[in-house]
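Everything on this sheet refers to the single structure shown next.
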Amino acid sequence: MNNKQIFAAIEVADHEVRLVVGEFFNTRFNIIKVERVKCDGMSFDSIRNADNITQAIKTALANAKKMIGAEIKKVILAIPSYKMKRFGFKSTVDIEGIDGAVTVQDVRNAIEKAKAVNVGNQYAVVQTVCVKYTVNGISTRRIPLGDRCSQMTVDVDLLCADRDFTYELVSCVEKAGLQVMDIFLDVYAVGKEAALFEQAIDHQVIILKVEREATTLGLLKNGRFTNAAVLAAGLGTIAGAIKDEYGISTEMCVELLKYNARIDLEKCSSNPIHIWNDDNGTRTISEQELVDCVKSNIELWLDAIEKTCVPILQAGETTVIITGEGGETQGLSDLVQKRLGVETRCYIPQTLGGRNAGLTACLGLFYAYQDILPITGYTDNSLDMDAFIRSVSYRDKKDDGTKEDTLTNKLKGLFMEGKKN
């Protein structure tokens, strides 16, 4: 198992903690375990209850340990893009090698030089992104290892987030007994999972990360993450009209909105999509009633999206990608496309075990982290690998005369019983 890399990634959303454990094996990525634990300790712009977040993370870790048989010790963490800011910097360094060939150490020197930039007390540098390398007058997006030159210029983006918010969230994770391996902005991670940075080289990409309480708009341009804005309205805000009208729980309202309504249709089915009992007896709600109920809230949400996006759309060709919890909503992309007049689609990950739009940022953390490994040289895994290897290896288990409770043995037992009869 020496060629395995096993990592764990955590995102604290505004209504749940998401934990994904996955492995890179022979260049392929496989999901080992996904945990989603309800948690109301986080808002889009602040931490409401740090203890709730820490406890939710502990619950997710305990649930994962039961399945994988090993303790998770380190994680990659997603930071909300609230108040994010990008500082661009051209870092020029002299090549240190005697033969004048570019090495990883030269890239590290360029990054350290960029980190010396003063970003102010309000911000914390979340990540440094090497956008472009220039050697001998030629620019490239790949690391020019081995190229011979006397100097190299690296275009470095310092992606920053609100300092207090970031430190408080990291503290919650550490109090749960975890070490943070690295942190990335959530919208940046979305771009990595959906391979949007490559698409954003020749045209703009707007990411709409729609969660329960808020919608984050991220702009990718020229192959880089340039800006983000947060609107205090999300899927739960839209579904709030259903709760007010019918008294259904917020959780159920959101589920109905995501999976039981085609919100882009003028005329929907009148058949019941939900039946429940309350003090007034048995009640039902149809798809048409649900769509009619949320229509005004959807229009308000679309108005806010349009107001924010219009200046961006005027700058050139643009594509809109919807993800996050809202990426599961049927018809939402059609409504946005009709309002903005540009290509719009929802992104749902296709990795087996993680096919849910709400996991997009969490899955993107794996690719974001793997991309920096050639520069950092880190080799740590997130798990107690010795315990994990013991849990998945049958060769080390002693034969105590008992049969394993496997499907094969159960089938053999059925066949033997049939013969006796």
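Residues are referred to by chain and number: the chain letter is A, B, ... according to the order shown in the structure tokens, the number counts from 1 in that chain, and ligands are numbered separately from 1 in the order shown.
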
Strand (DSSP E or B) call set, DSSP backbone run, region 64-155 of chain A, as a ChimeraX atom specification: /A:72,74-79,85-94,101,123-135,138-140,148,151-155

Keeping only C-alpha atoms, write those residues as a PDB file, in the first residue's frame.
```pdb
ATOM      1  CA  ILE A  72      -8.433  10.162  11.113  1.00  0.00           C
ATOM      2  CA  LYS A  74      -5.251  15.087   9.689  1.00  0.00           C
ATOM      3  CA  VAL A  75      -7.629  16.845   7.291  1.00  0.00           C
ATOM      4  CA  ILE A  76      -7.747  19.270   4.407  1.00  0.00           C
ATOM      5  CA  LEU A  77     -10.144  22.090   5.271  1.00  0.00           C
ATOM      6  CA  ALA A  78     -12.422  24.262   3.133  1.00  0.00           C
ATOM      7  CA  ILE A  79     -12.741  27.910   4.153  1.00  0.00           C
ATOM      8  CA  LYS A  85      -9.477  38.875  -1.609  1.00  0.00           C
ATOM      9  CA  ARG A  86      -6.832  38.142  -4.213  1.00  0.00           C
ATOM     10  CA  PHE A  87      -3.419  39.788  -4.225  1.00  0.00           C
ATOM     11  CA  GLY A  88      -1.515  39.241  -7.464  1.00  0.00           C
ATOM     12  CA  PHE A  89       2.278  39.322  -7.349  1.00  0.00           C
ATOM     13  CA  LYS A  90       5.083  38.747  -9.873  1.00  0.00           C
ATOM     14  CA  SER A  91       7.874  36.973  -8.075  1.00  0.00           C
ATOM     15  CA  THR A  92      11.247  36.965  -9.879  1.00  0.00           C
ATOM     16  CA  VAL A  93      14.033  34.782  -8.513  1.00  0.00           C
ATOM     17  CA  ASP A  94      17.541  33.881  -9.602  1.00  0.00           C
ATOM     18  CA  ALA A 101      18.156  24.310 -14.504  1.00  0.00           C
ATOM     19  CA  TYR A 123      -6.810  39.080   6.000  1.00  0.00           C
ATOM     20  CA  ALA A 124      -5.076  35.738   6.358  1.00  0.00           C
ATOM     21  CA  VAL A 125      -3.318  34.139   3.389  1.00  0.00           C
ATOM     22  CA  VAL A 126      -5.238  30.912   2.809  1.00  0.00           C
ATOM     23  CA  GLN A 127      -3.299  29.670  -0.190  1.00  0.00           C
ATOM     24  CA  THR A 128      -0.648  30.647  -2.689  1.00  0.00           C
ATOM     25  CA  VAL A 129      -1.401  29.723  -6.294  1.00  0.00           C
ATOM     26  CA  CYS A 130       1.288  29.685  -8.985  1.00  0.00           C
ATOM     27  CA  VAL A 131      -0.711  30.784 -12.008  1.00  0.00           C
ATOM     28  CA  LYS A 132       2.033  31.164 -14.613  1.00  0.00           C
ATOM     29  CA  TYR A 133       5.776  30.641 -14.978  1.00  0.00           C
ATOM     30  CA  THR A 134       7.970  32.690 -17.339  1.00  0.00           C
ATOM     31  CA  VAL A 135      11.467  31.564 -18.347  1.00  0.00           C
ATOM     32  CA  ILE A 138       8.208  32.043 -22.666  1.00  0.00           C
ATOM     33  CA  SER A 139       5.183  31.676 -20.359  1.00  0.00           C
ATOM     34  CA  THR A 140       3.640  28.374 -19.312  1.00  0.00           C
ATOM     35  CA  ARG A 148      17.698  26.318 -18.224  1.00  0.00           C
ATOM     36  CA  GLN A 151      15.949  33.987 -13.799  1.00  0.00           C
ATOM     37  CA  MET A 152      12.366  32.823 -13.490  1.00  0.00           C
ATOM     38  CA  THR A 153       9.254  34.944 -12.963  1.00  0.00           C
ATOM     39  CA  VAL A 154       6.237  33.352 -11.300  1.00  0.00           C
ATOM     40  CA  ASP A 155       2.791  34.949 -11.300  1.00  0.00           C
TER      41      ASP A 155
END
```

Alpha helix (DSSP H) per DSSP on the backbone: members of region 285-420 of chain A, as a PyMOL selection string: chain A and resi 287-313+332-340+360-376+385-392+407-420

Residues near Glu251 (chain A), cut-off 10 Å, only C-alpha atoms, skip fewer than 3 positions along chain, as a list in words: His15, Arg212, Gly236, Ala239, Lys243, Ile248, Val254, Glu255 and Leu256 of chain A

Using only C-alpha atoms, find each residue in region 131-250 of chain A having at least one atom no more than 10 Å away from region 51-60 of chain A; report its shortest atom-to-atom pair and that distance in Å (one decimal), rows by chain then rising number, as JSON lines.
```
{"residue": "A:Leu169", "atom": "CA", "partner": "A:Ile53", "partner_atom": "CA", "distance": 8.7}
{"residue": "A:Ser171", "atom": "CA", "partner": "A:Thr54", "partner_atom": "CA", "distance": 8.9}
{"residue": "A:Cys172", "atom": "CA", "partner": "A:Thr54", "partner_atom": "CA", "distance": 5.2}
{"residue": "A:Val173", "atom": "CA", "partner": "A:Thr54", "partner_atom": "CA", "distance": 6.2}
{"residue": "A:Glu174", "atom": "CA", "partner": "A:Thr54", "partner_atom": "CA", "distance": 8.4}
{"residue": "A:Lys175", "atom": "CA", "partner": "A:Thr54", "partner_atom": "CA", "distance": 6.5}
{"residue": "A:Ala176", "atom": "CA", "partner": "A:Thr54", "partner_atom": "CA", "distance": 5.3}
{"residue": "A:Gly177", "atom": "CA", "partner": "A:Lys58", "partner_atom": "CA", "distance": 8.1}
{"residue": "A:Leu178", "atom": "CA", "partner": "A:Lys58", "partner_atom": "CA", "distance": 9.4}
```

CA of Arg283 (chain A) to CA of Ser249 (chain A), straight-line distance in Å: 14.3 Å

One-decimal distance in Å that lies between CA of Gln204 (chain A) and CA of Thr318 (chain A): 4.6 Å

Nearest to Val291 (chain A), chosen from A:Leu383, A:Leu257, A:Ala315, A:Met252, with only C-alpha atoms counted in the distances: A:Leu257

Selected residue, from A:Cys293, A:Met42, A:Ala114, A:Ala200, that lies nearest to Ala241 (chain A) when counting only C-alpha atoms: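 Smallest separation from Ala241 (chain A) among the options: A:Cys293.
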
Non-local contacts of Ala357 (chain A) (6 Å; only C-alpha atoms; under 5 positions in same chain excluded) as number ranges by chain: A: 323-325, 327, 348

Point-to-point distance from CA of Ala261 (chain A) to CA of Gln330 (chain A), Å rounded to tenths: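 Computed distance, CA of Ala261 (chain A) to CA of Gln330 (chain A), equals 6.7 Å.
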
Top pick for closest residue to Ile298 (chain A), considering A:Lys38, A:Arg339, A:His274, A:Lys267 and counting only C-alpha atoms: A:Arg339
